[in-house]
Every structure is written in structure tokens, then in C-alpha cells.
Amino acid sequence: MDARRAIVVGAGVGGLAAALAAARAGLDVSIYERAPALEEFGAGLQLTPNATRVLAKLGALDAVRDVAMVPDAVSVLRGSDDAVLMQLALGDAERRWGAPYLAMHRADLQQALARVALADPRIRLTLGAPVASAATDGDLAAVEFAQGGKDAADLVIGADGLRSQARRQLASSQTDGPAFTGRVAFRATAPADRVDRRWREARVVLRLGPNAHLVHYPLRANSIVNIVAVIEDSWRGSETDHAWDGVADRPALDRAFASWSASTRKLLAAAENWRAWPLFGRPALGAFALGRIAVVGDAAHPMVPFLAQGAAQAIEDAGALANVLAETDDVPQALAAYSRARVARATRVQTEALRQGRIYHMAGALALARDATMRVLGGKALSARYDWLYGA
Ligand SMILES: Cc1cc2nc3c(=O)[nH]c(=O)nc-3n(C[C@H](O)[C@H](O)[C@H](O)COP(=O)(O)OP(=O)(O)OC[C@H]3O[C@@H](n4cnc5c(N)ncnc54)[C@H](O)[C@@H]3O)c2cc1C
């Protein structure tokens, strides 16, 4: 039996997927999560076929599908009057990209991955265990806990999100800090019975307007509608504020959508639990691993959400780890191969997500040109534009 052991820091989507990847490659895995429980953070997530394909490989797709909504399309609407600019049909997603396009609550995804992971006797999860640092320690990699004590293993996978401790091993603290992007995501859910029937259909709706956009779709067996509104705004919180759960500046949200269609404003009014999530970026890393330490997900490549790829890329990272750890017992060699397999693609997705944000938030003549182009291109051309991303 393989005696190798991995430590995973963080039990978000990236950490749980990475733990499954290491276990599937035969390693024993200890996950350390700082939160005392896997909580209801966040809101809806779309999981595109490039991610669900990896979940199938890790044996987690059925559990995730059970808690997911399967959208039949992404409809792009003009924010001012709900005119349809474009429609991406998803009915043939499995045929075209080889895996389903799903949407679910982040908490449901996390719980589903945790259920699959904890059913594997090789994986152990310790909650309430914040890791203060990770470092190479002779022929091992070690973590030190904030409350004292340490643990060492053959490798450490840092899946500790935007403000990763593990990432400090890979980048200079002088140039690598998180930087506010000037955009804030407002997230809420509305009870389905307060939302017009049209917006409860199994589809993702994307509304575009000047300097803002809105995404919504139904979740949890159509009992709630998930709403994400991204606006350009200042952020007055502190660096240590909980990135998932800031207090929403509701007047700023209402101002940003004041001139949008009545149906948009009605939808915003139907939700009560608005939380703000300031969007941060970090410079692209040249490598996602050094020696026996690797980073995955937001710890490696935090990205703006305009391509719906943050969690998807974390899951792709896990798929690559599963491959390299199964190929060789030499951990530094495996992690170097992981880094080579992932850096170019994840960096491209990071860059494309920023570009998509500029397109979504266009105003004036640029927005008119964008809308006209979308109408001419149509959904087929849109599907083809996503082949590089969803089909990989
Ligand atoms: C508005 C918005 C919409 C989005 N929509 C989508 C979407 O549709 N599709 C998509 O794929 N992605 C989407 N994303 C991105 C996605 O949510 C993130 O990229 C993804 O959740 C990152 O997962 P992660 O596991 O890398 O990090 P996190 O989810 O941040 O998890 C990190 C975990 O590590 C723990 N941790 C942190 N520090 C420590 C420590 N020192 N010790 C121990 N544990 C620690 C944390 O408590 C947490 O559990 C969206 C993001 C936003 C802001």
C-alpha cells in the first residue's frame, strides 16, 4: 500500500476536491479547516462541463448532480428593457462538451464533496484548525497551527483561498498582495414565490447594463432564486473582513440599478439577505508548486467571477493533481508536473475573466456595439467560443 500522506489546508471546494484527488491516487489525506463547521457561506455557483468532467473522474459527480439544477440555457438580456441579446442553449452540453453544465448553492456543493470525501477511509477532516504557516521541513512538508503544534507529511496542498498562507512559500510578499478590483458582488437569494414565474425557469439569466451586471437562476428544487449583482463601487471594509460575508451597501446597489427594467428592480427587491463580496485579484503566479508545497483554487489563481470559473478551475487543479500523483511516487517531481500542467491554462482563464468583465460592464456606444454584435453572432457562435474552456 502507498504510504504517502498529504496535508490539505482548507475545506472549500478546492480543498475537498484536492483531498479526493490525492486519496484517489492512493495517499492518506488530512484536511485542516479553520472554520469550526462547514457553513452556509456564499450563494449560487455555476459548474461548467470542464469542472463536472473532473468531478466524474473523482467519483463525485453523482453526489453533486443530486443537489444541482440543470439549466437548459443561458439567456443574455439587455438590462434596460429585458430585450434578449443572445441565448446559449445548454440542452446538448453533455454531447458537445462531454459533461453536464450545473448550478447549485455553494454550501450544497461543499457538503456533497465533503460527504464523498469522508466516505473514503483515507481522508480525515479536522475543523477549527487554522494553519498559521506551511514550509518544507527536510524530506517532508509541514504546517504549524495557529493554536500551536504542527503536522508533517509528504506534501502540503494549500487550498486556503484568497488570503492563502501556503502561497507565501511561492511568491514575494512585496509584490503579491490581494488588490481590490473596484468591483463589489452583491449576493442574495429570494424565496421563489416572491419571484415572477419567468425567472424560475431552469435557466441562467445574465443582464447587462452600464458598469454593472446581474446573474440569476433558481436553486434548491426551485425554492429559491439566487441573485448576484456586480457593480463598480468603493470598498470601505478592512483587509480582514470576511470576504464571503461583508455588510451590503444596499443604497449603492439600488442606485446602480435605478435605470434598469422594472423586472430587474422587482427582482432585487424580492431578496432581503444581501451580502457584499468585494472582488480582489492577485498577480498571476509563475508556478503553483515549490518542492513539496502546492497551491490550488483561489490560493493559486483567484479570479473575478465573470466567466464563472473560480471553483471550476479549483476542480481542474484537483484533476491535474490526481493525474500527477498517480504517475510517480516522487512528490517534488509530481508537484512540478502539476504546476506545468496548470499555470498556463489557469492564467489564461484569469485573464479572460477580466476581459469578460470589461465587456459585460460596457457603457454608451461600446455597449450598443456589443449588443449588436451579440445579436448577429447568436447562440451557436457563443457555444463555439466556449469550446476551449468547457471542452478541455
Ligand atoms: C460573486 C461570485 C460568484 C461566483 N460564481 C462562480 C461560479 O458561478 N462558478 C465558479 O466556478 N466559481 C464562481 N465563483 C468563484 C468561487 O466561489 C471561488 O473561486 C471558489 O469558491 C474558491 O474555492 P477555494 O476552495 O479555492 O477557496 P475558498 O472557497 O475560499 O475556501 C478556502 C477554505 O480555506 C479555509 N481557510 C482559509 N485560511 C485557512 C487557514 N489558514 N487554515 C485553515 N483553513 C483555512 C477557509 O475557511 C475556506 O473553507 C464566484 C465568486 C464570486 C465572488
# chains A, B, ... in the order shown; residues from 1 in each chain; ligands from 1

$ residues_around --residues "stretch 343-347 of chain A" --least-positions-apart "2" --cutoff "8 Å" --atoms "only C-alpha atoms" --output "VMD selection string"
chain A and resid 284 to 288 301 313 339 to 341 349 to 351

$ residues_around --residues "A:Asp151" --least-positions-apart "6" --cutoff "10 Å" --atoms "only C-alpha atoms" --output "list of chain:residue names"
A:Ile7, A:Ser30, A:Ala134, A:Leu140, A:Ala141, A:Ala142, A:Val143, A:Glu144, A:Phe145

$ residues_around --residues "stretch 197-205 of chain A" --least-positions-apart "4" --cutoff "8 Å" --atoms "only C-alpha atoms" --output "PyMOL selection string"
chain A and resi 69-77+192+215-218+222+225

$ closest_residue --among "A:Ala132, A:Leu307, A:Ala381, A:Ala318" --to "A:Leu354" --atoms "only C-alpha atoms"
A:Leu307

$ residues_around --residues "A:Val156" --least-positions-apart "2" --cutoff "10 Å" --atoms "only C-alpha atoms" --output "list in words"
Arg5, Ala6, Ile7, Val8, Val9, Val29, Ser30, Ile31, Ala134, Ala135, Thr136, Leu140, Ala141, Ala142, Val143, Ala152, Ala153, Asp154, Gly158, Ala159, Ala166, Ala289, Gly291, Arg292, Ile293, Ala294 and Val295 of chain A

$ write_last_selection --atoms "N, CA and C atoms" --output "CSV table (one decimal), in the first residue's frame"
chain,number,residue,atom,x,y,z
A,5,ARG,N,1.5,10.5,2.4
A,5,ARG,CA,0.5,11.2,3.1
A,5,ARG,C,0.5,12.7,2.7
A,6,ALA,N,-0.7,13.3,2.5
A,6,ALA,CA,-0.9,14.7,2.1
A,6,ALA,C,-1.6,15.4,3.2
A,7,ILE,N,-1.2,16.7,3.4
A,7,ILE,CA,-2.0,17.6,4.2
A,7,ILE,C,-2.6,18.6,3.3
A,8,VAL,N,-3.9,18.8,3.5
A,8,VAL,CA,-4.7,19.8,2.7
A,8,VAL,C,-5.1,20.9,3.6
A,9,VAL,N,-4.8,22.2,3.3
A,9,VAL,CA,-5.2,23.3,4.2
A,9,VAL,C,-6.4,23.9,3.5
A,29,VAL,N,-4.9,11.3,3.5
A,29,VAL,CA,-5.0,12.8,3.5
A,29,VAL,C,-5.6,13.3,4.8
A,30,SER,N,-5.0,14.3,5.3
A,30,SER,CA,-5.5,15.1,6.5
A,30,SER,C,-5.9,16.5,6.0
A,31,ILE,N,-7.2,16.9,6.1
A,31,ILE,CA,-7.6,18.2,5.8
A,31,ILE,C,-7.7,19.0,7.1
A,134,ALA,N,3.0,27.2,6.4
A,134,ALA,CA,3.4,25.9,5.7
A,134,ALA,C,4.8,26.1,5.2
A,135,ALA,N,5.6,25.1,5.4
A,135,ALA,CA,7.0,25.2,4.9
A,135,ALA,C,7.6,23.8,4.7
A,136,THR,N,8.6,23.7,3.8
A,136,THR,CA,9.3,22.5,3.6
A,136,THR,C,10.1,22.2,4.9
A,140,LEU,N,10.2,16.4,4.2
A,140,LEU,CA,8.7,16.4,4.4
A,140,LEU,C,8.3,17.9,4.2
A,141,ALA,N,6.9,18.1,4.2
A,141,ALA,CA,6.4,19.4,4.3
A,141,ALA,C,5.5,19.5,5.5
A,142,ALA,N,5.6,20.7,6.2
A,142,ALA,CA,4.9,20.8,7.5
A,142,ALA,C,4.0,22.0,7.6
A,143,VAL,N,3.0,21.9,8.4
A,143,VAL,CA,2.2,23.0,8.7
A,143,VAL,C,2.2,23.3,10.2
A,152,ALA,N,3.3,17.1,9.9
A,152,ALA,CA,4.2,17.0,8.7
A,152,ALA,C,3.7,15.8,7.8
A,153,ALA,N,3.9,15.9,6.5
A,153,ALA,CA,3.5,14.9,5.6
A,153,ALA,C,4.4,15.0,4.3
A,154,ASP,N,4.1,14.1,3.4
A,154,ASP,CA,5.0,14.1,2.1
A,154,ASP,C,4.7,15.4,1.3
A,158,GLY,N,-2.0,23.7,-0.4
A,158,GLY,CA,-2.7,24.9,0.1
A,158,GLY,C,-3.9,25.2,-0.6
A,159,ALA,N,-5.1,25.0,0.0
A,159,ALA,CA,-6.4,25.3,-0.6
A,159,ALA,C,-7.1,26.3,0.2
A,166,ALA,N,-0.3,29.3,2.6
A,166,ALA,CA,0.6,28.4,1.8
A,166,ALA,C,1.2,29.1,0.7
A,289,ALA,N,3.6,25.4,-7.5
A,289,ALA,CA,4.2,24.4,-6.6
A,289,ALA,C,5.7,24.8,-6.4
A,291,GLY,N,8.9,22.5,-4.5
A,291,GLY,CA,9.2,21.4,-3.7
A,291,GLY,C,8.0,20.5,-3.3
A,292,ARG,N,7.7,20.5,-2.0
A,292,ARG,CA,6.6,19.6,-1.6
A,292,ARG,C,5.3,20.4,-1.2
A,293,ILE,N,5.3,21.7,-1.7
A,293,ILE,CA,4.1,22.5,-1.4
A,293,ILE,C,3.5,22.9,-2.7
A,294,ALA,N,2.2,22.8,-2.8
A,294,ALA,CA,1.4,23.2,-4.0
A,294,ALA,C,0.2,24.0,-3.5
A,295,VAL,N,-0.2,24.9,-4.4
A,295,VAL,CA,-1.5,25.6,-4.1
A,295,VAL,C,-2.5,25.3,-5.2

$ residues_near_ligand --ligand "ligand 1" --cutoff "7 Å" --atoms "only C-alpha atoms and all ligand atoms" --output "JSON, numbers by chain"
{"A": [9, 10, 11, 12, 13, 14, 15, 32, 33, 34, 35, 44, 45, 46, 47, 129, 130, 131, 132, 159, 160, 161, 162, 163, 164, 165, 185, 186, 187, 228, 277, 279, 296, 297, 298, 299, 302, 303, 304, 305, 308, 309, 310, 311, 312, 313, 314]}

$ select_by_dssp --residues "stretch 40-255 of chain A" --states "helix (DSSP H, G or I)" --output "ChimeraX atom specification"
/A:49-57,61-66,93-97,106-118,166-169,192-194,197-200,250-255

$ atom_distance --atom1 "atom CA of A:Gly357" --atom2 "atom CA of A:Glu272"
25.8 Å

$ closest_residue --among "A:Val324, A:Ala56, A:Leu389, A:Ala146" --to "A:Arg348" --atoms "only C-alpha atoms"
A:Leu389

$ select_by_dssp --residues "stretch 45-187 of chain A" --states "strand (DSSP E or B)" --output "ChimeraX atom specification"
/A:45-47,69,73-78,84-89,102-105,123-126,131-137,140-145,150-153,155-158,179-187

$ atom_distance --atom1 "atom CA of A:Leu20" --atom2 "atom CA of A:Val116"
8.1 Å

$ atom_distance --atom1 "atom CA of A:Gly148" --atom2 "atom CA of A:Thr126"
14.7 Å

$ residues_around --residues "A:Ala367" --least-positions-apart "3" --cutoff "12 Å" --atoms "only C-alpha atoms" --output "list of chain:residue names"
A:Arg78, A:Gly79, A:Ser80, A:Leu85, A:Leu208, A:Gly209, A:Pro210, A:Asn211, A:Ala212, A:Arg358, A:Ile359, A:Tyr360, A:His361, A:Met362, A:Ala363, A:Gly364, A:Arg370, A:Asp371, A:Ala372, A:Thr373, A:Met374

$ closest_residue --among "A:Ala89, A:Ala18, A:Ala256, A:Ala171" --to "A:Val184" --atoms "only C-alpha atoms"
A:Ala256

$ residues_around --residues "A:Ala179" --least-positions-apart "5" --cutoff "9 Å" --atoms "only C-alpha atoms" --output "PyMOL selection string"
chain A and resi 279-283

$ closest_residue --among "A:Ser263, A:Glu39, A:Asp330, A:Ala51" --to "A:Asp317" --atoms "only C-alpha atoms"
A:Ala51

$ closest_residue --among "A:Leu90, A:Ala19, A:Phe41, A:Ile123" --to "A:Ala107" --atoms "only C-alpha atoms"
A:Phe41
